[in-house]
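Asker: My questions all concern the structure below.
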Amino acid sequence: MAAKVELGSCNFLRSNVNYLHQSLQIYGQKDPNVQQYRLVWTDGQSVWILPVNFQSNGKETSCTTTSAQEPSLVGEFDGFVFGVSCSALTWGSNGYFISVILKEKVVVLFRQPEKTVVKVVKEYPTVFVPQCCEWHPYHPILAVLCKTSAMLLCFSEELDCIVVPVQASDRILQTCSWSNDGRSLAVAVEESLCIFTWTELREPKQFSFVQWNSLELTGKIKCIVTWQSSSFIVATELPLDKLCGINKTERDFFEVENESQTYQSGPDSFDKSLDDAEHPVLLQKKNHELPSMLKLKPRKLELEQPVALAQVIAICCEGPKPYEMCRTSIQGLISPDLLLFQPLTKSVVVGSHCCSKLHHYSLHTSTLTGKTEFQAQKEVIELDPNYKPKGICTIPGDGQSFLCLLGKSKEPANLTAFPPSTNTDQI
């Protein structure tokens, strides 16, 4: 079992954020089995950097720190910090960028390795979206989402910034992700996926556009991860109307025996049929020893498959038009907040801030038919029931393990089925 690293008390959003996404920076190796990283994280008020080491013996990976490796403060901000992410530290670069998401703007910082001073290089006003920032895998380019528009912040070696509009929409944008090859950006627009592709990123204003829609998809896309060179895997939520079972044949939560029967409607015993009533209500039956409401049976909701469940869908974008490769339903998960793809083992992990379980699938391609499908692993990853996952990410070079950020709420109400309606949670 991997060692635990305590981050202390934090104030996190209850949903819609992966707090470990683009949070690890590779710094070097002490020896062949120990990899040095820097973890960028927030406690909701400030942004910190923590040196961490991952040590592998070939079978298990442990995450450790030393007493000399204390977290260093990057900066304090006015208002709540919704999330942080950092750009790649590429060869030849003298530093990397950190984006800090606030309620009404995104602040971009520049930091050089082993230096404590950071420089503010850009403040971009935006309407807050939980997963609104995504760094390019190779270049200092930040994709930023507002509620109905997207743009690129392109930084130069001199730390200058060019803003390039990418999309304007009358529908709500959810999240985005760059492809592995860095040529495409996928943006979730409610239940559809908009894919922008560049031939040359040195000319960011010239790009092509395609859109993927599924007639079988009714829930919004909540998470996107890259897959293959320029394809994506998405996780969708369970639609509210499917959760409540509301359709033409299921307009109530209870079954009523013989709806055309006569019911008693008040002290004058005035009888009126439900079929004739303008506003039918459930009242006490005549000559019945108990009120009928006490004997109503819950209606059996016949949820349609597979659109009545949260789903994971693999979308291939290697050709001129994106198309669906495969999908699977996620049993017991209403709204996914966390999605991870491990390319070395072709594993997919899906989770939610409200559930102490992580669903685990493998993406398998048949050698006989060439068909790709999700295969659910026999055992769901069980976490401590007192803790909820707040973030997951891969450990570069490690195909057997992944990093998980767990939070224990200070409010007992958060451990119930229906947590409080506030947006944040003290962890």
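Naming scheme: A, B, ... for chains in displayed order of the structure tokens; residues 1 onward per chain; ligands 1 onward as shown.
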Taking only segment 51-174 of chain A into account, list the residues labelled strand (DSSP E or B) by DSSP (computed from the backbone), as a ChimeraX atom specification.

Answerer: /A:51-56,61-64,72-76,83-86,96-101,105-111,118-125,133-135,141-145,149-155,161-168,173-174

Asker: Each residue of segment 123-145 of chain A with at least one atom at most 12 Å from segment 201-205 of chain A should appear once, together with its nearest atom pair and the corresponding distance in Å (one decimal); atoms considered: only C-alpha atoms; ordering: chain, then increasing residue number; output as CSV.

Answerer:
residue,atom,partner,partner_atom,distance
A:His136,CA,A:Leu201,CA,10.5
A:Tyr138,CA,A:Leu201,CA,10.9
A:His139,CA,A:Leu201,CA,9.0
A:Pro140,CA,A:Leu201,CA,10.9
A:Ile141,CA,A:Leu201,CA,9.4
A:Leu142,CA,A:Pro204,CA,11.8
A:Ala143,CA,A:Pro204,CA,11.5

Asker: What would the file look like if the residues just selected were written as a compact mmCIF listing (two decimals), in the first residue's frame with N, CA and C atoms?

Answerer:
# COMPACT_ATOMS: atom_id res chain seq x y z
N HIS A 136 -1.51 23.05 -22.68
CA HIS A 136 -1.06 22.23 -23.79
C HIS A 136 0.04 21.29 -23.30
N TYR A 138 2.80 20.32 -24.61
CA TYR A 138 4.19 20.60 -25.00
C TYR A 138 4.53 22.08 -25.07
N HIS A 139 3.54 22.93 -25.28
CA HIS A 139 3.79 24.37 -25.48
C HIS A 139 3.11 25.19 -24.39
N PRO A 140 3.63 26.41 -24.14
CA PRO A 140 3.00 27.27 -23.12
C PRO A 140 1.72 27.91 -23.65
N ILE A 141 0.71 27.10 -23.86
CA ILE A 141 -0.58 27.55 -24.36
C ILE A 141 -1.65 27.07 -23.39
N LEU A 142 -2.47 27.99 -22.93
CA LEU A 142 -3.51 27.67 -21.96
C LEU A 142 -4.88 27.86 -22.61
N ALA A 143 -5.67 26.78 -22.65
CA ALA A 143 -7.06 26.88 -23.08
C ALA A 143 -7.91 27.29 -21.90

Asker: So that I can check the surroundings of segment 211-218 of chain A, please list as a PyMOL selection string every protein, DNA and RNA residue that reaches within 7 Å of it, counting only C-alpha atoms and ignoring chain neighbours fewer than 6 positions away.

Answerer: chain A and resi 191-195+239+307+322

Asker: Of the candidates A:Ala376, A:Ala314, A:Ala235, A:Cys161, which one gets nearest to Leu338 of chain A if we count only C-alpha atoms?

Answerer: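 Checking each candidate against Leu338 of chain A, we get A:Ala235 as the closest.
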
Asker: Write out as JSON, numbers by chain each polymer residue whose atoms come within 9 Å of Arg38 of chain A, counting only C-alpha atoms; drop sequence neighbours fewer than 2 positions from it.

Answerer: {"A": [23, 24, 25, 26, 27, 36, 40, 49, 50, 51, 52, 53]}

Asker: For Glu157 of chain A, work out the shell of residues within 10 Å, counting only C-alpha atoms and skipping chain neighbours fewer than 6 positions away, then give it as a count of residues only.

Answerer: 4

Asker: Rounded to one decimal in Å, what is the spacing between atom CA of Glu70 of chain A and atom CA of Val120 of chain A?

Answerer: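 Between these atoms lies a distance of 23.3 Å.
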
Asker: Of the candidates A:Gly319, A:Ala150, A:Arg111, A:Phe80, which shows the shortest atom-to-atom distance to Asn11 of chain A, using only C-alpha atoms?

Answerer: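 That would be A:Phe80, the residue with the smallest distance to Asn11 of chain A.
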
Asker: Would you mind telling me which residue in A:Tyr37, A:Phe110, A:Phe196, A:Phe82 lies nearest to Asn18 of chain A when using only C-alpha atoms?

Answerer: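 Closest candidate: A:Phe82.
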
Asker: So, counting only C-alpha atoms, which residue among A:Val312, A:Ala188, A:Ile98, A:Ile334 is closest to Ser149 of chain A?

Answerer: A:Ala188

Asker: Taking only C-alpha atoms into account, which of A:Phe12, A:Tyr124, A:Trp178, A:Trp198 comes nearest Ile162 of chain A?

Answerer: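 Among the listed residues, the smallest separation from Ile162 of chain A belongs to A:Tyr124.
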
Asker: So how far away is atom CA of Gly399 of chain A from atom CA of Thr372 of chain A, in Å?

Answerer: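 Pair atom CA of Thr372 of chain A / atom CA of Gly399 of chain A returns 20.2 Å.
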
Asker: Find the spatial neighbours of Glu134 of chain A, counting only C-alpha atoms, within a cut-off of 12 Å - ignore same-chain residues fewer than 6 positions away - and output them as a PyMOL selection string.

Answerer: chain A and resi 18+21-23+83-88+97-101+106+140-145+150-153+175-179+182+185-187+224-226

Asker: Near Asp170 of chain A, counting only C-alpha atoms, which residues have an atom at most 10 Å away, once you skip same-chain residues fewer than 5 positions from it, shown as a list in words?

Answerer: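 Neighbouring residues, sequence-local ones excluded: Lys147, Thr148, Ser149 and Val189 of chain A.
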